[in-house]
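Reviewing the structure listed below.
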Amino acid sequence: MFTHQKLVHKNRDDFACNKCEKKFENKSTFLKHKKIFHEVFKDYLCERCAKRFGNKQSLLHQRTVHEGRKDYLYGKCEKKFGRKADLFVYQKTVHEGRKDFACDKCQKKFRGKSDLFRHQRIVHEGRKDFACDKCEKKFGERGTLIKHQKIVHEGRKDFACDKCEKKFGFKSTLLMHQNTVHDGRKDFACDRCEKKFGERGTLIKHQKGVHESRKDFVCGKCGQKFGYKSTLLEHQKTVHEGRKDYSCNKCEKKFGRISNLLVHQKTVHEGQKDFACDECEKKFGHKSSLLMHRKIVHEGYKDFVCDKCQQTFGEKSKLIRHQKTIHEARKDFACDKCETMLSLGIGT
């Protein structure tokens with residue numbers, strides 16, 4: 001009676017922890033708190049793995065971890081859980097869609113407190129605590145590190161497309177491949193033009209490079225700037241290293257870019273001319289050739305001026321040929337029938 005009146009009606013806080021200032025209503029709760037949190041006594045030992053616990057949750061640990069029991073069934077989807085608390089969290093976050101943990105720096109919301117802490121640690125604090133022991137790359141999450149090691153260093157690609165047998169290291173990459181390549185989906189539309197993309201990342205790159213004219217990637221050898229890292233790497237490989245890794249299987253010509261090889265095969269070997277002039281119906285294999293044709297023939301542009309005689313030309317190649325043959329009097333072409341040297345090549 002006296003204890004009841006003291007605790008309930010007088011709201012006494014006689015038991016205060018001198019280490020964390022937390023207050024308790026009775027001595028037993030206070031001593032339990034002190035023992036577990038400050039004296040680090042862990043009196044409950046798991047007999048199977050020797051892990052210690054500060055309270056009787058070791059019994060739950062044995063039941064769920066070592067015996068694999070899942071006694072709590074969620075009725076709507078029949079998913080089972082080892083702990084009642086996990087069942088409640090699942091119901092709240094998955095079926096009710098609740099996200100009760102908001103980041104105080106960017107207002108992004110999360111389902112669990114651990115997800116929030118991980119977000120803050122990686123995004124706002126920039127922490128990358130997991131380093132690859134095979135390269136110098138660091139990651140914010142252990143799972144990302146493990147994926148990196150499996151895919152990059154072990155070369156594993158466990159996700160195969162059932163339509164083309166192409167393999168991928170990530171399931172997300174496989175799904176993206178199927179959506180964009182086989183289903184032809186382009187779900188990400190640019191709000192500044194009518195162009196659509198299959199990936200959000202490609203849309204963002206497009207907006208930065210095309211509409212914002214940002215060129216954040218600078219070549220360390222010549223100072224040229226690029227809007228995409230891939231374009232910078234391609235530039236360094238082809239221009240500074242002189243690499244031509246793409247060979248035509250129909251002739252001996254090599255190219256630094258696969259796109260140039262495909263255009264070459266299509267226009268030279270297959271004779272395709274997909275770009276027609278709407279003024280004279282002349283056709284071209286390259287869009288750039290069509291634009292040049294329009295500019296020179298129909299608009300009369302002659303932007304290349306000879307610095308020795310002031311004659312103008314529509315193409316730079318014709319200016320160079322003019323200078324070599326007229327002003328330098330070069331004769332670089334030999335007749336294969338009489339060995340006479342000529343100024344111009346075949347067909348000129």
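Chain labels run A, B, ... following the order of the structure tokens; each chain numbers its residues from 1, and ligands are numbered from 1 in the order shown.
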query: Any idea what's packed within 12 Å of range 68-75 of chain A, counting only C-alpha atoms, ignoring anything in its chain fewer than 6 positions away? Could you give it as a PyMOL selection string?
result: chain A and resi 59-62+81-92+94-95
Taking N, CA, C and O atoms for each residue, export the selection above as a CSV table (one decimal), in the first residue's frame.
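Below you can see part_9.csv, which holds the result:
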```csv
chain,number,residue,atom,x,y,z
A,59,LEU,N,17.7,-16.8,-24.5
A,59,LEU,CA,16.8,-17.8,-24.8
A,59,LEU,C,16.2,-17.6,-26.2
A,59,LEU,O,16.0,-18.6,-27.0
A,60,LEU,N,15.8,-16.4,-26.5
A,60,LEU,CA,15.3,-16.1,-27.8
A,60,LEU,C,16.4,-16.3,-28.9
A,60,LEU,O,16.1,-16.8,-30.0
A,61,HIS,N,17.6,-15.9,-28.5
A,61,HIS,CA,18.7,-16.1,-29.5
A,61,HIS,C,18.9,-17.5,-29.8
A,61,HIS,O,19.0,-17.9,-31.0
A,62,GLN,N,18.9,-18.4,-28.9
A,62,GLN,CA,19.0,-19.8,-29.1
A,62,GLN,C,17.9,-20.4,-30.0
A,62,GLN,O,18.1,-21.2,-30.9
A,81,PHE,N,8.4,-15.1,-38.8
A,81,PHE,CA,9.4,-14.4,-38.1
A,81,PHE,C,9.8,-15.2,-36.8
A,81,PHE,O,9.0,-15.8,-36.2
A,82,GLY,N,11.0,-15.0,-36.4
A,82,GLY,CA,11.5,-15.6,-35.1
A,82,GLY,C,11.2,-14.7,-33.9
A,82,GLY,O,11.1,-15.3,-32.8
A,83,ARG,N,11.0,-13.4,-34.1
A,83,ARG,CA,10.7,-12.5,-33.0
A,83,ARG,C,9.4,-11.8,-33.3
A,83,ARG,O,9.2,-11.4,-34.5
A,84,LYS,N,8.6,-11.6,-32.3
A,84,LYS,CA,7.4,-10.8,-32.4
A,84,LYS,C,7.6,-9.4,-32.9
A,84,LYS,O,6.9,-8.8,-33.7
A,85,ALA,N,8.7,-8.8,-32.3
A,85,ALA,CA,9.0,-7.5,-32.7
A,85,ALA,C,9.3,-7.3,-34.2
A,85,ALA,O,8.9,-6.3,-34.8
A,86,ASP,N,10.0,-8.3,-34.8
A,86,ASP,CA,10.3,-8.3,-36.2
A,86,ASP,C,9.0,-8.4,-37.0
A,86,ASP,O,8.8,-7.8,-38.1
A,87,LEU,N,8.0,-9.2,-36.5
A,87,LEU,CA,6.7,-9.2,-37.2
A,87,LEU,C,6.0,-7.9,-37.2
A,87,LEU,O,5.5,-7.5,-38.3
A,88,PHE,N,6.0,-7.2,-36.1
A,88,PHE,CA,5.4,-5.9,-36.0
A,88,PHE,C,6.1,-4.9,-37.0
A,88,PHE,O,5.4,-4.1,-37.7
A,89,VAL,N,7.4,-4.9,-37.0
A,89,VAL,CA,8.1,-4.0,-37.9
A,89,VAL,C,7.8,-4.3,-39.3
A,89,VAL,O,7.6,-3.4,-40.1
A,90,TYR,N,7.8,-5.5,-39.7
A,90,TYR,CA,7.4,-5.9,-41.1
A,90,TYR,C,6.1,-5.5,-41.5
A,90,TYR,O,5.8,-4.9,-42.5
A,91,GLN,N,5.1,-5.7,-40.6
A,91,GLN,CA,3.7,-5.3,-40.9
A,91,GLN,C,3.6,-3.8,-41.1
A,91,GLN,O,3.0,-3.3,-42.0
A,92,LYS,N,4.3,-3.0,-40.2
A,92,LYS,CA,4.3,-1.6,-40.2
A,92,LYS,C,4.9,-1.0,-41.5
A,92,LYS,O,4.4,-0.1,-42.1
A,94,VAL,N,6.2,-2.8,-44.4
A,94,VAL,CA,6.0,-3.4,-45.7
A,94,VAL,C,4.5,-3.2,-46.1
A,94,VAL,O,4.2,-2.7,-47.2
A,95,HIS,N,3.6,-3.6,-45.2
A,95,HIS,CA,2.2,-3.7,-45.6
A,95,HIS,C,1.5,-2.3,-45.3
A,95,HIS,O,0.5,-2.0,-46.1
```
field: Selection: 12 Å around range 301-310 of chain A, only C-alpha atoms, excl. self and same-chain fewer than 4 positions, as a PyMOL selection string
entry: chain A and resi 291-297+314-324+326-328
Those residues you just picked out, can you put them in a file as a JSON list (two decimals), in the first residue's frame with N, CA and C atoms?
```json
[["chain", "number", "residue", "atom", "x", "y", "z"],
["A", 291, "LEU", "N", 24.54, 17.40, -93.42],
["A", 291, "LEU", "CA", 24.56, 18.78, -92.93],
["A", 291, "LEU", "C", 25.59, 19.62, -93.67],
["A", 292, "MET", "N", 26.75, 19.01, -93.95],
["A", 292, "MET", "CA", 27.78, 19.73, -94.71],
["A", 292, "MET", "C", 27.31, 20.03, -96.12],
["A", 293, "HIS", "N", 26.66, 19.04, -96.75],
["A", 293, "HIS", "CA", 26.11, 19.22, -98.09],
["A", 293, "HIS", "C", 25.12, 20.39, -98.13],
["A", 294, "ARG", "N", 24.19, 20.41, -97.20],
["A", 294, "ARG", "CA", 23.20, 21.50, -97.15],
["A", 294, "ARG", "C", 23.89, 22.85, -97.00],
["A", 295, "LYS", "N", 24.85, 22.90, -96.09],
["A", 295, "LYS", "CA", 25.52, 24.16, -95.78],
["A", 295, "LYS", "C", 26.29, 24.69, -96.99],
["A", 296, "ILE", "N", 27.00, 23.80, -97.70],
["A", 296, "ILE", "CA", 27.85, 24.23, -98.80],
["A", 296, "ILE", "C", 27.05, 24.44, -100.09],
["A", 297, "VAL", "N", 26.25, 23.42, -100.45],
["A", 297, "VAL", "CA", 25.57, 23.44, -101.74],
["A", 297, "VAL", "C", 24.34, 24.35, -101.73],
["A", 314, "GLY", "N", 34.31, 25.28, -99.30],
["A", 314, "GLY", "CA", 33.28, 24.83, -98.37],
["A", 314, "GLY", "C", 33.76, 23.75, -97.41],
["A", 315, "GLU", "N", 34.84, 23.06, -97.79],
["A", 315, "GLU", "CA", 35.37, 21.99, -96.95],
["A", 315, "GLU", "C", 36.86, 22.21, -96.68],
["A", 316, "LYS", "N", 37.28, 21.85, -95.49],
["A", 316, "LYS", "CA", 38.67, 22.03, -95.10],
["A", 316, "LYS", "C", 39.59, 21.14, -95.94],
["A", 317, "SER", "N", 39.12, 19.94, -96.26],
["A", 317, "SER", "CA", 39.93, 19.01, -97.05],
["A", 317, "SER", "C", 40.24, 19.58, -98.43],
["A", 318, "LYS", "N", 39.28, 20.30, -99.01],
["A", 318, "LYS", "CA", 39.50, 20.90, -100.34],
["A", 318, "LYS", "C", 40.47, 22.07, -100.26],
["A", 319, "LEU", "N", 40.42, 22.80, -99.17],
["A", 319, "LEU", "CA", 41.39, 23.89, -98.97],
["A", 319, "LEU", "C", 42.81, 23.32, -98.88],
["A", 320, "ILE", "N", 42.99, 22.25, -98.10],
["A", 320, "ILE", "CA", 44.31, 21.64, -97.93],
["A", 320, "ILE", "C", 44.82, 21.09, -99.26],
["A", 321, "ARG", "N", 43.93, 20.46, -100.02],
["A", 321, "ARG", "CA", 44.33, 19.92, -101.33],
["A", 321, "ARG", "C", 44.74, 21.05, -102.28],
["A", 322, "HIS", "N", 43.98, 22.15, -102.24],
["A", 322, "HIS", "CA", 44.31, 23.33, -103.06],
["A", 322, "HIS", "C", 45.70, 23.86, -102.71],
["A", 323, "GLN", "N", 46.00, 23.99, -101.43],
["A", 323, "GLN", "CA", 47.29, 24.53, -101.00],
["A", 323, "GLN", "C", 48.44, 23.61, -101.41],
["A", 324, "LYS", "N", 48.24, 22.31, -101.28],
["A", 324, "LYS", "CA", 49.29, 21.35, -101.61],
["A", 324, "LYS", "C", 49.57, 21.32, -103.11],
["A", 326, "ILE", "N", 48.40, 23.60, -105.66],
["A", 326, "ILE", "CA", 48.60, 24.89, -106.33],
["A", 326, "ILE", "C", 49.82, 25.63, -105.78],
["A", 327, "HIS", "N", 49.88, 25.78, -104.49],
["A", 327, "HIS", "CA", 50.93, 26.62, -103.90],
["A", 327, "HIS", "C", 52.21, 25.85, -103.59],
["A", 328, "GLU", "N", 52.08, 24.57, -103.28],
["A", 328, "GLU", "CA", 53.28, 23.77, -103.00],
["A", 328, "GLU", "C", 53.69, 22.93, -104.21]]
```
query: CA of Arg200 in chain A and CA of Phe188 in chain A, how far apart in Å?
result: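 About the pair CA of Phe188 in chain A and CA of Arg200 in chain A: they are 6.0 Å apart.
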task: From the DSSP assignment of the backbone, select every residue of range 113-246 of chain A that is strand (DSSP E or B), and format the answer as a ChimeraX atom specification.
output: /A:130-131,138-139,159-160,167-168,188-189,196-197,217-218,225-226,246
Just the selected residues (N, CA, C and O atoms), exported as a CSV table (one decimal), in the first residue's frame, please.
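Writing done, so here's out-v1.csv:
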```
chain,number,residue,atom,x,y,z
A,130,PHE,N,34.6,0.5,-45.4
A,130,PHE,CA,34.9,-0.9,-45.8
A,130,PHE,C,35.8,-0.8,-47.1
A,130,PHE,O,35.4,-0.4,-48.2
A,131,ALA,N,37.1,-1.1,-46.9
A,131,ALA,CA,38.1,-1.0,-48.0
A,131,ALA,C,38.4,-2.4,-48.6
A,131,ALA,O,38.4,-3.4,-47.9
A,138,LYS,N,37.0,2.1,-51.7
A,138,LYS,CA,36.3,2.0,-50.4
A,138,LYS,C,34.8,2.2,-50.6
A,138,LYS,O,34.4,2.8,-51.5
A,139,PHE,N,34.1,1.6,-49.6
A,139,PHE,CA,32.7,1.5,-49.7
A,139,PHE,C,32.0,1.9,-48.4
A,139,PHE,O,32.6,1.7,-47.3
A,159,PHE,N,23.8,-13.4,-62.8
A,159,PHE,CA,22.5,-13.1,-63.3
A,159,PHE,C,22.4,-13.1,-64.8
A,159,PHE,O,23.0,-12.2,-65.5
A,160,ALA,N,21.8,-14.1,-65.4
A,160,ALA,CA,21.8,-14.2,-66.9
A,160,ALA,C,20.4,-13.9,-67.4
A,160,ALA,O,19.4,-14.2,-66.8
A,167,LYS,N,25.1,-12.0,-69.4
A,167,LYS,CA,25.2,-12.1,-68.0
A,167,LYS,C,25.6,-10.8,-67.3
A,167,LYS,O,26.3,-10.0,-67.9
A,168,PHE,N,25.2,-10.7,-66.0
A,168,PHE,CA,25.4,-9.4,-65.3
A,168,PHE,C,25.8,-9.7,-63.9
A,168,PHE,O,25.5,-10.8,-63.3
A,188,PHE,N,12.2,7.5,-68.5
A,188,PHE,CA,12.7,8.7,-67.9
A,188,PHE,C,12.8,9.8,-69.0
A,188,PHE,O,13.6,9.7,-69.9
A,189,ALA,N,11.8,10.7,-69.0
A,189,ALA,CA,11.7,11.7,-70.0
A,189,ALA,C,12.3,13.0,-69.5
A,189,ALA,O,12.2,13.4,-68.4
A,196,LYS,N,13.7,10.8,-74.4
A,196,LYS,CA,13.5,9.8,-73.4
A,196,LYS,C,14.6,8.8,-73.2
A,196,LYS,O,15.3,8.5,-74.2
A,197,PHE,N,14.7,8.3,-72.0
A,197,PHE,CA,15.9,7.4,-71.7
A,197,PHE,C,15.4,6.2,-70.9
A,197,PHE,O,14.4,6.3,-70.2
A,217,PHE,N,34.6,17.0,-66.7
A,217,PHE,CA,35.7,16.0,-66.8
A,217,PHE,C,36.8,16.6,-67.7
A,217,PHE,O,36.6,16.8,-68.9
A,218,VAL,N,38.0,16.9,-67.1
A,218,VAL,CA,39.0,17.5,-67.8
A,218,VAL,C,40.2,16.6,-68.1
A,218,VAL,O,40.6,15.8,-67.3
A,225,LYS,N,37.8,19.6,-72.2
A,225,LYS,CA,36.8,19.3,-71.2
A,225,LYS,C,35.7,18.5,-71.8
A,225,LYS,O,35.3,18.6,-73.0
A,226,PHE,N,35.1,17.6,-71.0
A,226,PHE,CA,34.0,16.7,-71.5
A,226,PHE,C,32.8,16.7,-70.5
A,226,PHE,O,33.0,16.9,-69.3
A,246,TYR,N,39.0,-1.5,-82.4
A,246,TYR,CA,37.8,-2.1,-83.1
A,246,TYR,C,38.2,-2.3,-84.6
A,246,TYR,O,38.3,-1.3,-85.3
```
- request: Could you give me, as a VMD selection string, each residue of range 124-338 of chain A that DSSP assigns to alpha helix (DSSP H) when run on this structure's backbone?
  value: chain A and resid 142 to 148 171 to 177 200 to 206 229 to 235 258 to 264 287 to 293 316 to 322
The selected residues should be written to file as a PDB file, in the first residue's frame (atoms: C-alpha atoms).
```pdb
ATOM      1  CA  ARG A 142      29.939  -4.163 -46.289  1.00  0.00           C
ATOM      2  CA  GLY A 143      27.427  -5.635 -48.745  1.00  0.00           C
ATOM      3  CA  THR A 144      28.589  -3.281 -51.498  1.00  0.00           C
ATOM      4  CA  LEU A 145      32.218  -4.246 -50.825  1.00  0.00           C
ATOM      5  CA  ILE A 146      31.386  -7.959 -51.089  1.00  0.00           C
ATOM      6  CA  LYS A 147      29.517  -7.397 -54.368  1.00  0.00           C
ATOM      7  CA  HIS A 148      32.471  -5.387 -55.712  1.00  0.00           C
ATOM      8  CA  LYS A 171      20.289  -8.280 -60.467  1.00  0.00           C
ATOM      9  CA  SER A 172      19.371  -4.590 -60.818  1.00  0.00           C
ATOM     10  CA  THR A 173      21.552  -4.353 -63.947  1.00  0.00           C
ATOM     11  CA  LEU A 174      19.860  -7.432 -65.405  1.00  0.00           C
ATOM     12  CA  LEU A 175      16.399  -5.958 -64.803  1.00  0.00           C
ATOM     13  CA  MET A 176      17.463  -2.644 -66.311  1.00  0.00           C
ATOM     14  CA  HIS A 177      18.843  -4.482 -69.347  1.00  0.00           C
ATOM     15  CA  ARG A 200      17.660   7.730 -64.752  1.00  0.00           C
ATOM     16  CA  GLY A 201      21.445   8.101 -64.739  1.00  0.00           C
ATOM     17  CA  THR A 202      21.501   8.572 -68.510  1.00  0.00           C
ATOM     18  CA  LEU A 203      18.782  11.233 -68.226  1.00  0.00           C
ATOM     19  CA  ILE A 204      20.775  13.134 -65.587  1.00  0.00           C
ATOM     20  CA  LYS A 205      23.930  12.956 -67.734  1.00  0.00           C
ATOM     21  CA  HIS A 206      21.931  14.231 -70.717  1.00  0.00           C
ATOM     22  CA  LYS A 229      33.558  10.578 -67.921  1.00  0.00           C
ATOM     23  CA  SER A 230      33.171   7.878 -70.573  1.00  0.00           C
ATOM     24  CA  THR A 231      33.849  10.459 -73.305  1.00  0.00           C
ATOM     25  CA  LEU A 232      36.979  11.630 -71.483  1.00  0.00           C
ATOM     26  CA  LEU A 233      38.279   8.052 -71.181  1.00  0.00           C
ATOM     27  CA  GLU A 234      37.507   7.411 -74.832  1.00  0.00           C
ATOM     28  CA  HIS A 235      39.326  10.637 -75.797  1.00  0.00           C
ATOM     29  CA  ILE A 258      32.882   1.049 -81.863  1.00  0.00           C
ATOM     30  CA  SER A 259      30.296   3.564 -83.118  1.00  0.00           C
ATOM     31  CA  ASN A 260      32.670   4.589 -85.930  1.00  0.00           C
ATOM     32  CA  LEU A 261      33.218   0.928 -86.852  1.00  0.00           C
ATOM     33  CA  LEU A 262      29.456   0.302 -87.051  1.00  0.00           C
ATOM     34  CA  VAL A 263      28.939   3.403 -89.220  1.00  0.00           C
ATOM     35  CA  HIS A 264      31.825   2.311 -91.470  1.00  0.00           C
ATOM     36  CA  LYS A 287      24.297  12.813 -90.895  1.00  0.00           C
ATOM     37  CA  SER A 288      27.336  15.094 -90.726  1.00  0.00           C
ATOM     38  CA  SER A 289      27.825  14.671 -94.493  1.00  0.00           C
ATOM     39  CA  LEU A 290      24.198  15.661 -95.099  1.00  0.00           C
ATOM     40  CA  LEU A 291      24.559  18.781 -92.925  1.00  0.00           C
ATOM     41  CA  MET A 292      27.785  19.730 -94.707  1.00  0.00           C
ATOM     42  CA  HIS A 293      26.111  19.224 -98.093  1.00  0.00           C
ATOM     43  CA  LYS A 316      38.675  22.032 -95.097  1.00  0.00           C
ATOM     44  CA  SER A 317      39.931  19.008 -97.054  1.00  0.00           C
ATOM     45  CA  LYS A 318      39.503  20.897-100.339  1.00  0.00           C
ATOM     46  CA  LEU A 319      41.390  23.887 -98.965  1.00  0.00           C
ATOM     47  CA  ILE A 320      44.308  21.641 -97.927  1.00  0.00           C
ATOM     48  CA  ARG A 321      44.332  19.923-101.327  1.00  0.00           C
ATOM     49  CA  HIS A 322      44.312  23.332-103.055  1.00  0.00           C
TER      50      HIS A 322
END
```
- prompt: Mind pulling up the distance from CA of Cys103 in chain A to CA of Ile122 in chain A?
  reply: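 These two atoms are separated by 12.5 Å.
Atom to atom, CA of Lys283 in chain A and CA of Phe313 in chain A stand 21.7 Å apart.
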